Amino acid sequence: MADPEVPRVRKRRTDAERSRAAVLDAAIALLARRTDASVEDIAAAAGVVRQTVYAHFPSRSVLVDAVIEHLTAETTTRLEALDLTTPPPDEALQQWLEATWSLIERYPVLLSPAIAEAAPATDELERHETVTTQLAELLRRGRRTGVFDKSWPESWMVATVIALGHAAAQQVATGRMSGHEAGAAYRGGVMRLLLTRPGPSASRHVPAAEEEEPSGGKREADQ
(Lines give C-alpha, C1' and ligand atoms only; values in the text may rest on other atoms or scores of the structure.)
Protein backbone atom coordinates (compact mmCIF):
# COMPACT_ATOMS: atom_id res chain seq x y z
CA MET A 1 0.00 0.00 0.00
CA ALA A 2 1.36 3.41 -0.95
CA ASP A 3 2.58 5.61 1.85
CA PRO A 4 0.14 8.58 2.13
CA GLU A 5 2.98 10.74 3.45
CA VAL A 6 4.89 10.61 0.13
CA PRO A 7 2.54 12.95 -1.83
CA ARG A 8 2.60 15.41 1.08
CA VAL A 9 6.42 15.40 1.14
CA ARG A 10 6.56 15.93 -2.62
CA LYS A 11 4.07 18.79 -2.37
CA ARG A 12 6.13 20.46 0.37
CA ARG A 13 9.25 20.13 -1.77
CA THR A 14 7.47 21.58 -4.80
CA ASP A 15 6.10 24.46 -2.73
CA ALA A 16 9.57 25.09 -1.29
CA GLU A 17 11.14 25.09 -4.75
CA ARG A 18 8.52 27.53 -6.01
CA SER A 19 8.96 29.91 -3.08
CA ARG A 20 12.75 29.77 -3.46
CA ALA A 21 12.46 30.53 -7.18
CA ALA A 22 10.07 33.39 -6.45
CA VAL A 23 12.52 34.90 -3.96
CA LEU A 24 15.40 34.60 -6.44
CA ASP A 25 13.36 36.18 -9.23
CA ALA A 26 12.31 39.02 -6.94
CA ALA A 27 15.91 39.62 -5.81
CA ILE A 28 17.13 39.69 -9.43
CA ALA A 29 14.48 42.21 -10.43
CA LEU A 30 14.67 44.40 -7.32
CA LEU A 31 18.46 44.57 -6.92
CA ALA A 32 18.72 45.80 -10.51
CA ARG A 33 16.72 48.89 -9.50
CA ARG A 34 17.66 49.24 -5.84
CA THR A 35 21.14 48.15 -4.81
CA ASP A 36 20.28 48.53 -1.12
CA ALA A 37 17.05 46.51 -1.23
CA SER A 38 16.60 44.69 2.09
CA VAL A 39 15.43 41.15 2.77
CA GLU A 40 12.06 42.63 3.78
CA ASP A 41 11.83 44.46 0.44
CA ILE A 42 12.67 41.30 -1.48
CA ALA A 43 10.18 39.25 0.53
CA ALA A 44 7.43 41.76 -0.26
CA ALA A 45 8.32 41.72 -3.96
CA ALA A 46 8.21 37.90 -3.94
CA GLY A 47 4.86 37.83 -2.15
CA VAL A 48 6.21 35.92 0.84
CA VAL A 49 7.01 36.74 4.45
CA ARG A 50 10.54 37.50 5.61
CA GLN A 51 10.80 34.17 7.43
CA THR A 52 10.29 32.35 4.13
CA VAL A 53 13.27 34.17 2.62
CA TYR A 54 15.43 33.26 5.61
CA ALA A 55 14.28 29.63 5.38
CA HIS A 56 16.00 29.43 2.00
CA PHE A 57 18.75 32.03 2.44
CA PRO A 58 20.03 32.54 6.02
CA SER A 59 21.27 36.07 5.27
CA ARG A 60 21.10 38.78 2.62
CA SER A 61 24.67 38.03 1.54
CA VAL A 62 23.79 34.36 1.02
CA LEU A 63 20.83 35.46 -1.11
CA VAL A 64 23.04 37.75 -3.23
CA ASP A 65 25.54 34.90 -3.66
CA ALA A 66 22.68 32.70 -4.86
CA VAL A 67 21.66 35.39 -7.36
CA ILE A 68 25.23 35.51 -8.69
CA GLU A 69 25.40 31.71 -8.94
CA HIS A 70 22.05 31.58 -10.76
CA LEU A 71 22.98 34.30 -13.25
CA THR A 72 26.44 32.84 -13.84
CA ALA A 73 24.88 29.50 -14.75
CA GLU A 74 22.35 31.22 -17.02
CA THR A 75 25.06 33.29 -18.74
CA THR A 76 27.32 30.26 -19.19
CA THR A 77 24.51 28.19 -20.72
CA ARG A 78 23.53 30.97 -23.11
CA LEU A 79 27.05 31.77 -24.29
CA GLU A 80 28.25 28.18 -24.54
CA ALA A 81 25.40 27.50 -26.97
CA LEU A 82 26.97 29.93 -29.45
CA ASP A 83 29.12 28.68 -32.30
CA LEU A 84 31.99 31.17 -32.28
CA THR A 85 34.54 29.03 -34.11
CA THR A 86 32.85 28.31 -37.46
CA PRO A 87 31.88 31.84 -38.66
CA PRO A 88 34.54 34.45 -39.53
CA PRO A 89 35.70 36.28 -36.39
CA ASP A 90 33.80 39.49 -37.13
CA GLU A 91 30.52 37.60 -37.65
CA ALA A 92 31.17 35.52 -34.53
CA LEU A 93 31.76 38.75 -32.62
CA GLN A 94 28.39 40.08 -33.78
CA GLN A 95 26.71 36.92 -32.46
CA TRP A 96 28.53 37.28 -29.15
CA LEU A 97 27.58 40.95 -28.82
CA GLU A 98 23.92 40.25 -29.55
CA ALA A 99 23.87 37.42 -27.00
CA THR A 100 25.59 39.41 -24.25
CA TRP A 101 23.36 42.43 -24.77
CA SER A 102 20.23 40.25 -24.66
CA LEU A 103 21.44 38.94 -21.28
CA ILE A 104 22.07 42.47 -19.99
CA GLU A 105 18.59 43.55 -21.14
CA ARG A 106 17.00 40.52 -19.50
CA TYR A 107 19.08 40.74 -16.31
CA PRO A 108 20.18 44.36 -15.64
CA VAL A 109 21.32 43.20 -12.21
CA LEU A 110 24.37 41.65 -13.93
CA LEU A 111 25.87 45.14 -14.01
CA SER A 112 24.42 46.31 -10.69
CA PRO A 113 26.71 47.56 -7.92
CA ALA A 114 24.95 44.99 -5.72
CA ILE A 115 26.87 42.28 -7.55
CA ALA A 116 30.19 44.12 -7.36
CA GLU A 117 29.71 44.81 -3.65
CA ALA A 118 29.14 41.11 -3.01
CA ALA A 119 32.80 40.44 -3.87
CA PRO A 120 34.67 43.72 -3.32
CA ALA A 121 38.09 42.07 -3.45
CA THR A 122 37.40 40.45 -6.81
CA ASP A 123 38.85 42.01 -9.94
CA GLU A 124 36.27 43.38 -12.39
CA LEU A 125 37.34 40.97 -15.14
CA GLU A 126 37.23 38.01 -12.75
CA ARG A 127 33.61 38.80 -11.95
CA HIS A 128 32.87 38.53 -15.66
CA GLU A 129 35.06 35.44 -16.18
CA THR A 130 32.50 33.48 -18.20
CA VAL A 131 32.13 36.39 -20.59
CA THR A 132 35.76 37.51 -20.72
CA THR A 133 37.20 34.05 -21.33
CA GLN A 134 35.03 33.56 -24.39
CA LEU A 135 35.71 37.07 -25.66
CA ALA A 136 39.48 36.68 -25.21
CA GLU A 137 39.48 33.44 -27.22
CA LEU A 138 37.49 35.12 -29.99
CA LEU A 139 39.84 38.11 -29.95
CA ARG A 140 42.90 35.88 -30.30
CA ARG A 141 41.42 34.13 -33.32
CA GLY A 142 40.57 37.43 -34.97
CA ARG A 143 43.94 38.97 -34.22
CA ARG A 144 45.77 35.96 -35.65
CA THR A 145 43.85 36.28 -38.91
CA GLY A 146 44.23 40.07 -39.06
CA VAL A 147 40.52 40.80 -38.62
CA PHE A 148 40.94 42.46 -35.20
CA ASP A 149 43.35 45.24 -34.33
CA LYS A 150 46.66 44.24 -32.72
CA SER A 151 47.59 47.77 -31.65
CA TRP A 152 46.52 47.35 -28.03
CA PRO A 153 47.00 44.64 -25.39
CA GLU A 154 44.32 41.97 -25.33
CA SER A 155 43.53 42.64 -21.67
CA TRP A 156 42.86 46.32 -22.41
CA MET A 157 40.54 45.46 -25.31
CA VAL A 158 38.58 42.96 -23.20
CA ALA A 159 38.27 45.46 -20.33
CA THR A 160 37.09 48.16 -22.75
CA VAL A 161 34.38 45.91 -24.22
CA ILE A 162 33.11 45.20 -20.69
CA ALA A 163 33.19 48.92 -19.88
CA LEU A 164 31.16 49.71 -23.01
CA GLY A 165 28.54 47.20 -21.86
CA HIS A 166 28.36 48.96 -18.50
CA ALA A 167 28.07 52.35 -20.19
CA ALA A 168 25.26 51.17 -22.48
CA ALA A 169 23.34 49.64 -19.57
CA GLN A 170 23.74 52.85 -17.56
CA GLN A 171 22.26 54.88 -20.41
CA VAL A 172 19.19 52.64 -20.36
CA ALA A 173 18.94 52.73 -16.56
CA THR A 174 18.95 56.54 -16.53
CA GLY A 175 16.45 56.80 -19.38
CA ARG A 176 18.88 58.54 -21.74
CA MET A 177 18.62 55.78 -24.35
CA SER A 178 16.21 52.97 -25.15
CA GLY A 179 17.39 49.38 -24.94
CA HIS A 180 17.42 49.20 -28.73
CA GLU A 181 19.49 52.40 -29.06
CA ALA A 182 21.96 51.41 -26.34
CA GLY A 183 22.36 47.92 -27.79
CA ALA A 184 23.12 49.33 -31.24
CA ALA A 185 25.60 51.81 -29.76
CA TYR A 186 27.25 49.04 -27.75
CA ARG A 187 27.65 46.73 -30.74
CA GLY A 188 28.77 49.52 -33.02
CA GLY A 189 31.27 50.87 -30.52
CA VAL A 190 32.82 47.45 -29.97
CA MET A 191 33.12 46.78 -33.70
CA ARG A 192 34.84 50.13 -34.26
CA LEU A 193 37.20 49.37 -31.38
CA LEU A 194 38.17 45.86 -32.44
CA LEU A 195 38.09 45.72 -36.23
CA THR A 196 41.28 46.45 -38.13
CA ARG A 197 39.12 48.01 -40.84
CA PRO A 198 35.32 48.19 -40.86
CA GLY A 199 34.11 45.39 -43.10
CA PRO A 200 30.71 44.23 -44.35
CA SER A 201 29.69 42.91 -40.92
CA ALA A 202 30.51 46.18 -39.22
CA SER A 203 28.85 48.33 -41.86
CA ARG A 204 25.52 46.63 -41.21
CA HIS A 205 25.60 47.72 -37.57
CA VAL A 206 27.76 50.85 -37.48
CA PRO A 207 26.34 54.04 -39.00
CA ALA A 208 28.66 55.72 -41.46
CA ALA A 209 30.25 58.87 -40.09
CA GLU A 210 32.67 61.44 -41.42
CA GLU A 211 36.07 61.05 -39.79
CA GLU A 212 38.27 64.03 -39.29
CA GLU A 213 41.75 63.65 -40.70
CA PRO A 214 44.63 64.65 -38.48
CA SER A 215 46.24 67.86 -39.60
CA GLY A 216 48.97 67.42 -42.20
CA GLY A 217 48.17 64.03 -43.63
CA LYS A 218 46.02 60.95 -44.13
CA ARG A 219 44.11 59.16 -41.43
CA GLU A 220 46.30 56.88 -39.39
CA ALA A 221 44.39 53.80 -40.62
CA ASP A 222 45.35 54.68 -44.20
CA GLN A 223 49.06 55.18 -43.57
# chains A, B, ... in the order shown; residues from 1 in each chain; ligands from 1

$ residues_around --residues "Val23 of chain A" --least-positions-apart "6" --cutoff "12 Å" --atoms "only C-alpha atoms" --output "list in words"
Ala16, Glu17, Ala29, Leu30, Leu31, Val39, Glu40, Asp41, Ile42, Ala43, Ala44, Ala45, Ala46, Gly47, Val48, Val49, Arg50, Gln51, Thr52, Val53, Tyr54, Ala55, His56, Phe57, Arg60, Leu63, Val64, Ala66 and Val67 of chain A

$ closest_atom_pairs --of "segment 72-124 of chain A" --to "segment 129-153 of chain A" --cutoff "9 Å" --atoms "only C-alpha atoms" --output "JSON lines"
{"residue": "A:Thr72", "atom": "CA", "partner": "A:Thr130", "partner_atom": "CA", "distance": 7.5}
{"residue": "A:Thr75", "atom": "CA", "partner": "A:Thr130", "partner_atom": "CA", "distance": 7.5}
{"residue": "A:Thr76", "atom": "CA", "partner": "A:Thr130", "partner_atom": "CA", "distance": 6.2}
{"residue": "A:Leu79", "atom": "CA", "partner": "A:Val131", "partner_atom": "CA", "distance": 7.8}
{"residue": "A:Glu80", "atom": "CA", "partner": "A:Gln134", "partner_atom": "CA", "distance": 8.7}
{"residue": "A:Leu84", "atom": "CA", "partner": "A:Leu138", "partner_atom": "CA", "distance": 7.2}
{"residue": "A:Thr85", "atom": "CA", "partner": "A:Leu138", "partner_atom": "CA", "distance": 7.9}
{"residue": "A:Pro88", "atom": "CA", "partner": "A:Gly142", "partner_atom": "CA", "distance": 8.1}
{"residue": "A:Pro89", "atom": "CA", "partner": "A:Gly142", "partner_atom": "CA", "distance": 5.2}
{"residue": "A:Asp90", "atom": "CA", "partner": "A:Val147", "partner_atom": "CA", "distance": 7.0}
{"residue": "A:Ala92", "atom": "CA", "partner": "A:Leu138", "partner_atom": "CA", "distance": 7.8}
{"residue": "A:Leu93", "atom": "CA", "partner": "A:Leu138", "partner_atom": "CA", "distance": 7.3}
{"residue": "A:Trp96", "atom": "CA", "partner": "A:Leu135", "partner_atom": "CA", "distance": 8.0}
{"residue": "A:Thr100", "atom": "CA", "partner": "A:Val131", "partner_atom": "CA", "distance": 8.1}
{"residue": "A:Glu124", "atom": "CA", "partner": "A:Glu129", "partner_atom": "CA", "distance": 8.9}

$ residues_around --residues "Pro113 of chain A" --least-positions-apart "4" --cutoff "9 Å" --atoms "only C-alpha atoms" --output "NGL selection string"
:A and (31-32 or 35 or 109 or 117-118)

$ atom_distance --atom1 "atom CA of Ile115 of chain A" --atom2 "atom CA of Ile68 of chain A"
7.1 Å

$ residues_around --residues "segment 168-170 of chain A" --least-positions-apart "4" --cutoff "9 Å" --atoms "only C-alpha atoms" --output "JSON, numbers by chain"
{"A": [101, 104, 105, 108, 111, 163, 164, 174, 175, 176, 177, 179, 181, 182, 183, 185, 186]}

$ select_by_dssp --residues "segment 39-132 of chain A" --states "alpha helix (DSSP H)" --output "PyMOL selection string"
chain A and resi 39-46+50-56+60-80+89-106+113-118+124-127+129-132

$ atom_distance --atom1 "atom CA of Pro58 of chain A" --atom2 "atom CA of Leu71 of chain A"
19.6 Å

$ atom_distance --atom1 "atom CA of Ala159 of chain A" --atom2 "atom CA of Arg34 of chain A"
25.5 Å
